[in-house]
Amino acid sequence: MKRFFLISCFLTFFSISGAGFAQQTVVNNIDTNSKPDVMIQTVTNQVLDTLRTDTSLRSGDINRITQVVNQRILPYTDFRRTTQLAMGRAWRSATPEQQVQMVAQFEMLLIRTYAGALSSFRDQQVQFKPFRADPSDTDVVVRSSVISNGQPVELDYRLYKTPQGWRVYDLNVAGAWLIQAYQQQFKEKIDQGGVQGLINFLTQRNEQLAAGKQPS
């Protein structure tokens, strides 16, 4: 349950489409060209403050959750890159239309899968570890841990440098990286029915979740 809660709160960093992420480098008073650990700490604190004060989020309001994600998280992520890496070589065989559909369905899957668990949020705290990277690095990891009931759980962010500043594209919760966790499942579905088969699978799961059903 603890692990599910953590994923529900922090996978929302990726539950948005990278196709239209903001081009400006200062968003919500946060400079995305600042040190990546400073950016992550500031964004995290803003999101946690919102979770603590907004009861509609804790009730699992999917529309409100999507709104907060778009406002507070969208400018700092590249979910298109996340989807591309999760699909591996199959991404290059997808048509531009299929790539757009894939990003959209994967986005919605993460939102719908974990929105309900936000009602479990109470007073968890995030502690950031010392950041170690060279000034010339363009791909870095910001490490932290979430304290829940006195127990720390690993939570790390992987970012890369873009012309618009730093962007999050992968996340590690308790030793499991998001991209790696989905790679095998995506590969199996693509082997069975191609890229369109994977899109159809995600679409079906999203329809089941929207109807309040647990996917089989």
# chains A, B, ... in the order shown; residues from 1 in each chain; ligands from 1
>>> residues_around(residues="range 177-189 of chain A", least_positions_apart="5", cutoff="8 Å", atoms="only C-alpha atoms", output="list in words")
Thr82, Thr83, Leu85, Ala86, Met87, Gly88, Asp170, Leu171, Asn172, Gly194, Val195, Gly197, Leu198 and Phe201 of chain A
>>> write_last_selection(atoms="all heavy atoms", output="mmCIF file, in the first residue's frame")
data_model
loop_
_atom_site.group_PDB
_atom_site.id
_atom_site.type_symbol
_atom_site.label_atom_id
_atom_site.label_comp_id
_atom_site.auth_asym_id
_atom_site.auth_seq_id
_atom_site.Cartn_x
_atom_site.Cartn_y
_atom_site.Cartn_z
ATOM 1 N N THR A 82 9.803 9.933 -22.426
ATOM 2 C CA THR A 82 9.534 8.787 -21.563
ATOM 3 C C THR A 82 8.875 7.664 -22.355
ATOM 4 O O THR A 82 9.271 6.499 -22.274
ATOM 5 C CB THR A 82 8.615 9.197 -20.398
ATOM 6 O OG1 THR A 82 9.193 10.296 -19.701
ATOM 7 C CG2 THR A 82 8.396 8.046 -19.427
ATOM 8 N N THR A 83 7.851 8.013 -23.137
ATOM 9 C CA THR A 83 7.132 7.021 -23.939
ATOM 10 C C THR A 83 8.053 6.401 -24.983
ATOM 11 O O THR A 83 8.034 5.186 -25.205
ATOM 12 C CB THR A 83 5.923 7.672 -24.630
ATOM 13 O OG1 THR A 83 5.126 8.355 -23.660
ATOM 14 C CG2 THR A 83 5.070 6.625 -25.329
ATOM 15 N N LEU A 85 11.315 5.985 -24.920
ATOM 16 C CA LEU A 85 12.267 5.066 -24.314
ATOM 17 C C LEU A 85 11.576 3.796 -23.823
ATOM 18 O O LEU A 85 12.145 2.701 -23.887
ATOM 19 C CB LEU A 85 12.989 5.761 -23.155
ATOM 20 C CG LEU A 85 13.937 6.900 -23.559
ATOM 21 C CD1 LEU A 85 14.457 7.621 -22.330
ATOM 22 C CD2 LEU A 85 15.093 6.369 -24.399
ATOM 23 N N ALA A 86 10.350 3.918 -23.338
ATOM 24 C CA ALA A 86 9.614 2.731 -22.888
ATOM 25 C C ALA A 86 9.288 1.810 -24.054
ATOM 26 O O ALA A 86 9.256 0.582 -23.906
ATOM 27 C CB ALA A 86 8.334 3.145 -22.165
ATOM 28 N N MET A 87 9.055 2.376 -25.240
ATOM 29 C CA MET A 87 8.741 1.578 -26.425
ATOM 30 C C MET A 87 9.984 1.031 -27.112
ATOM 31 O O MET A 87 9.903 0.053 -27.857
ATOM 32 C CB MET A 87 7.936 2.412 -27.424
ATOM 33 C CG MET A 87 6.519 2.715 -26.976
ATOM 34 S SD MET A 87 5.627 3.665 -28.237
ATOM 35 C CE MET A 87 5.543 2.469 -29.592
ATOM 36 N N GLY A 88 11.135 1.655 -26.896
ATOM 37 C CA GLY A 88 12.358 1.182 -27.521
ATOM 38 C C GLY A 88 12.335 1.360 -29.032
ATOM 39 O O GLY A 88 11.834 2.351 -29.556
ATOM 40 N N ASP A 170 12.281 10.318 -16.286
ATOM 41 C CA ASP A 170 12.176 8.997 -15.668
ATOM 42 C C ASP A 170 12.144 9.159 -14.157
ATOM 43 O O ASP A 170 12.587 10.177 -13.624
ATOM 44 C CB ASP A 170 13.353 8.118 -16.084
ATOM 45 C CG ASP A 170 13.062 6.621 -15.951
ATOM 46 O OD1 ASP A 170 11.930 6.274 -15.558
ATOM 47 O OD2 ASP A 170 13.959 5.810 -16.248
ATOM 48 N N LEU A 171 11.630 8.137 -13.484
ATOM 49 C CA LEU A 171 11.409 8.210 -12.044
ATOM 50 C C LEU A 171 11.654 6.845 -11.424
ATOM 51 O O LEU A 171 11.249 5.824 -11.974
ATOM 52 C CB LEU A 171 9.967 8.646 -11.764
ATOM 53 C CG LEU A 171 9.568 8.819 -10.308
ATOM 54 C CD1 LEU A 171 10.195 10.088 -9.734
ATOM 55 C CD2 LEU A 171 8.052 8.892 -10.189
ATOM 56 N N ASN A 172 12.339 6.849 -10.299
ATOM 57 C CA ASN A 172 12.626 5.615 -9.573
ATOM 58 C C ASN A 172 11.898 5.629 -8.238
ATOM 59 O O ASN A 172 12.105 6.521 -7.418
ATOM 60 C CB ASN A 172 14.135 5.480 -9.349
ATOM 61 C CG ASN A 172 14.482 4.359 -8.393
ATOM 62 O OD1 ASN A 172 13.828 3.324 -8.361
ATOM 63 N ND2 ASN A 172 15.512 4.577 -7.585
ATOM 64 N N GLY A 194 1.720 -5.574 -32.769
ATOM 65 C CA GLY A 194 2.308 -4.379 -33.333
ATOM 66 C C GLY A 194 2.044 -3.150 -32.467
ATOM 67 O O GLY A 194 1.435 -3.230 -31.396
ATOM 68 N N VAL A 195 2.492 -2.001 -32.972
ATOM 69 C CA VAL A 195 2.282 -0.742 -32.238
ATOM 70 C C VAL A 195 0.798 -0.473 -32.041
ATOM 71 O O VAL A 195 0.362 -0.056 -30.966
ATOM 72 C CB VAL A 195 2.950 0.431 -32.983
ATOM 73 C CG1 VAL A 195 2.565 1.765 -32.349
ATOM 74 C CG2 VAL A 195 4.470 0.264 -32.998
ATOM 75 N N GLY A 197 -1.518 -2.617 -31.754
ATOM 76 C CA GLY A 197 -2.008 -3.516 -30.720
ATOM 77 C C GLY A 197 -1.751 -2.969 -29.331
ATOM 78 O O GLY A 197 -2.600 -3.098 -28.435
ATOM 79 N N LEU A 198 -0.592 -2.339 -29.137
ATOM 80 C CA LEU A 198 -0.297 -1.709 -27.843
ATOM 81 C C LEU A 198 -1.223 -0.534 -27.587
ATOM 82 O O LEU A 198 -1.746 -0.378 -26.484
ATOM 83 C CB LEU A 198 1.158 -1.251 -27.814
ATOM 84 C CG LEU A 198 1.589 -0.442 -26.580
ATOM 85 C CD1 LEU A 198 1.372 -1.230 -25.297
ATOM 86 C CD2 LEU A 198 3.056 -0.009 -26.712
ATOM 87 N N PHE A 201 -4.556 -1.840 -26.608
ATOM 88 C CA PHE A 201 -4.515 -2.363 -25.245
ATOM 89 C C PHE A 201 -4.632 -1.238 -24.225
ATOM 90 O O PHE A 201 -5.419 -1.322 -23.264
ATOM 91 C CB PHE A 201 -3.208 -3.134 -25.042
ATOM 92 C CG PHE A 201 -2.921 -3.488 -23.612
ATOM 93 C CD1 PHE A 201 -3.625 -4.498 -22.965
ATOM 94 C CD2 PHE A 201 -1.931 -2.808 -22.909
ATOM 95 C CE1 PHE A 201 -3.355 -4.820 -21.644
ATOM 96 C CE2 PHE A 201 -1.650 -3.125 -21.590
ATOM 97 C CZ PHE A 201 -2.369 -4.127 -20.959
#
>>> residues_around(residues="range 146-155 of chain A", least_positions_apart="3", cutoff="7 Å", atoms="only C-alpha atoms", output="list in words")
Gln124, Gln125, Val126, Gln127, Arg143, Asn172, Val173, Ala174 and Gly175 of chain A
>>> select_by_dssp(residues="range 14-210 of chain A", states="strand (DSSP E)", output="number ranges by chain")
A: 26-27, 30-31, 125-128, 139-148, 151-162, 165-173, 176-177
>>> write_last_selection(atoms="N, CA and C atoms", output="short mmCIF file (atom, residue, chain, number, x, y, z; two decimals), in the first residue's frame")
data_model
loop_
_atom_site.label_atom_id
_atom_site.label_comp_id
_atom_site.auth_asym_id
_atom_site.auth_seq_id
_atom_site.Cartn_x
_atom_site.Cartn_y
_atom_site.Cartn_z
N VAL A 26 11.14 30.06 -17.50
CA VAL A 26 10.65 30.46 -16.18
C VAL A 26 9.15 30.23 -16.14
N VAL A 27 8.73 29.27 -15.32
CA VAL A 27 7.32 28.90 -15.23
C VAL A 27 6.95 28.80 -13.76
N ILE A 30 9.59 29.45 -11.36
CA ILE A 30 10.67 28.49 -11.25
C ILE A 30 11.51 28.55 -12.53
N ASP A 31 12.81 28.75 -12.37
CA ASP A 31 13.72 28.82 -13.51
C ASP A 31 14.20 27.41 -13.83
N GLN A 125 6.52 13.41 4.09
CA GLN A 125 7.56 14.40 3.87
C GLN A 125 8.59 13.87 2.89
N VAL A 126 9.20 14.77 2.11
CA VAL A 126 10.23 14.40 1.16
C VAL A 126 11.56 15.00 1.62
N GLN A 127 12.58 14.15 1.71
CA GLN A 127 13.91 14.61 2.07
C GLN A 127 14.84 14.40 0.89
N PHE A 128 15.55 15.46 0.48
CA PHE A 128 16.44 15.38 -0.67
C PHE A 128 17.86 15.09 -0.21
N ASP A 139 22.76 14.97 -18.29
CA ASP A 139 21.81 13.93 -17.87
C ASP A 139 22.16 13.58 -16.42
N VAL A 140 21.23 13.84 -15.50
CA VAL A 140 21.55 13.72 -14.08
C VAL A 140 20.42 13.02 -13.34
N VAL A 141 20.70 12.62 -12.10
CA VAL A 141 19.71 12.02 -11.21
C VAL A 141 19.65 12.84 -9.93
N VAL A 142 18.45 13.26 -9.56
CA VAL A 142 18.20 13.92 -8.28
C VAL A 142 17.60 12.89 -7.34
N ARG A 143 18.26 12.65 -6.22
CA ARG A 143 17.85 11.58 -5.31
C ARG A 143 17.16 12.15 -4.07
N SER A 144 16.12 11.43 -3.64
CA SER A 144 15.40 11.83 -2.45
C SER A 144 14.75 10.60 -1.82
N SER A 145 14.08 10.81 -0.72
CA SER A 145 13.32 9.74 -0.09
C SER A 145 12.06 10.34 0.52
N VAL A 146 11.01 9.54 0.51
CA VAL A 146 9.75 9.95 1.11
C VAL A 146 9.63 9.28 2.47
N ILE A 147 9.32 10.09 3.48
CA ILE A 147 9.17 9.58 4.84
C ILE A 147 7.68 9.36 5.08
N SER A 148 7.29 8.10 5.25
CA SER A 148 5.89 7.75 5.50
C SER A 148 5.84 6.83 6.72
N GLN A 151 9.21 5.67 7.94
CA GLN A 151 10.03 4.81 7.09
C GLN A 151 10.38 5.52 5.78
N PRO A 152 11.68 5.59 5.43
CA PRO A 152 12.08 6.23 4.18
C PRO A 152 11.93 5.29 2.99
N VAL A 153 11.44 5.81 1.88
CA VAL A 153 11.33 5.05 0.63
C VAL A 153 12.03 5.84 -0.47
N GLU A 154 12.90 5.17 -1.20
CA GLU A 154 13.69 5.81 -2.25
C GLU A 154 12.82 6.43 -3.32
N LEU A 155 13.16 7.65 -3.74
CA LEU A 155 12.44 8.36 -4.80
C LEU A 155 13.43 9.23 -5.56
N ASP A 156 13.74 8.84 -6.79
CA ASP A 156 14.75 9.55 -7.58
C ASP A 156 14.16 10.02 -8.90
N TYR A 157 14.70 11.15 -9.40
CA TYR A 157 14.25 11.73 -10.66
C TYR A 157 15.42 11.77 -11.64
N ARG A 158 15.19 11.35 -12.87
CA ARG A 158 16.21 11.47 -13.91
C ARG A 158 15.81 12.61 -14.85
N LEU A 159 16.75 13.52 -15.11
CA LEU A 159 16.49 14.70 -15.93
C LEU A 159 17.55 14.82 -17.02
N TYR A 160 17.19 15.51 -18.10
CA TYR A 160 18.19 15.86 -19.11
C TYR A 160 18.02 17.32 -19.48
N LYS A 161 19.11 17.91 -19.99
CA LYS A 161 19.13 19.33 -20.30
C LYS A 161 18.64 19.56 -21.71
N THR A 162 17.69 20.47 -21.88
CA THR A 162 17.15 20.84 -23.18
C THR A 162 17.40 22.33 -23.39
N GLY A 165 15.69 24.23 -20.77
CA GLY A 165 16.01 23.96 -19.37
C GLY A 165 15.92 22.47 -19.07
N TRP A 166 15.95 22.13 -17.80
CA TRP A 166 15.92 20.73 -17.37
C TRP A 166 14.52 20.15 -17.48
N ARG A 167 14.45 18.86 -17.91
CA ARG A 167 13.17 18.17 -18.03
C ARG A 167 13.29 16.78 -17.38
N VAL A 168 12.29 16.42 -16.58
CA VAL A 168 12.22 15.08 -15.99
C VAL A 168 11.71 14.11 -17.05
N TYR A 169 12.35 12.92 -17.12
CA TYR A 169 11.86 11.93 -18.08
C TYR A 169 11.80 10.52 -17.51
N ASP A 170 12.28 10.32 -16.29
CA ASP A 170 12.18 9.00 -15.67
C ASP A 170 12.14 9.16 -14.16
N LEU A 171 11.63 8.14 -13.48
CA LEU A 171 11.41 8.21 -12.04
C LEU A 171 11.65 6.85 -11.42
N ASN A 172 12.34 6.85 -10.30
CA ASN A 172 12.63 5.62 -9.57
C ASN A 172 11.90 5.63 -8.24
N VAL A 173 11.03 4.65 -8.01
CA VAL A 173 10.33 4.52 -6.74
C VAL A 173 10.72 3.18 -6.12
N ALA A 176 12.52 0.78 -8.48
CA ALA A 176 11.90 0.45 -9.77
C ALA A 176 11.78 1.72 -10.62
N TRP A 177 12.52 1.76 -11.73
CA TRP A 177 12.44 2.90 -12.64
C TRP A 177 11.22 2.76 -13.54
#
>>> atom_distance(atom1="CA of Ala210 in chain A", atom2="CA of Tyr76 in chain A")
26.8 Å
>>> atom_distance(atom1="CA of Met39 in chain A", atom2="CA of Arg72 in chain A")
12.1 Å
>>> residues_around(residues="Val103 in chain A", least_positions_apart="4", cutoff="7 Å", atoms="only C-alpha atoms", output="PyMOL selection string")
chain A and resi 17+80+83+99+107
>>> residues_around(residues="Gln196 in chain A", least_positions_apart="3", cutoff="12 Å", atoms="only C-alpha atoms", output="VMD selection string")
chain A and resid 90 to 91 93 to 95 97 to 102 105 186 189 to 193 199 to 203
>>> atom_distance(atom1="CA of Asp137 in chain A", atom2="CA of Ser34 in chain A")
13.3 Å
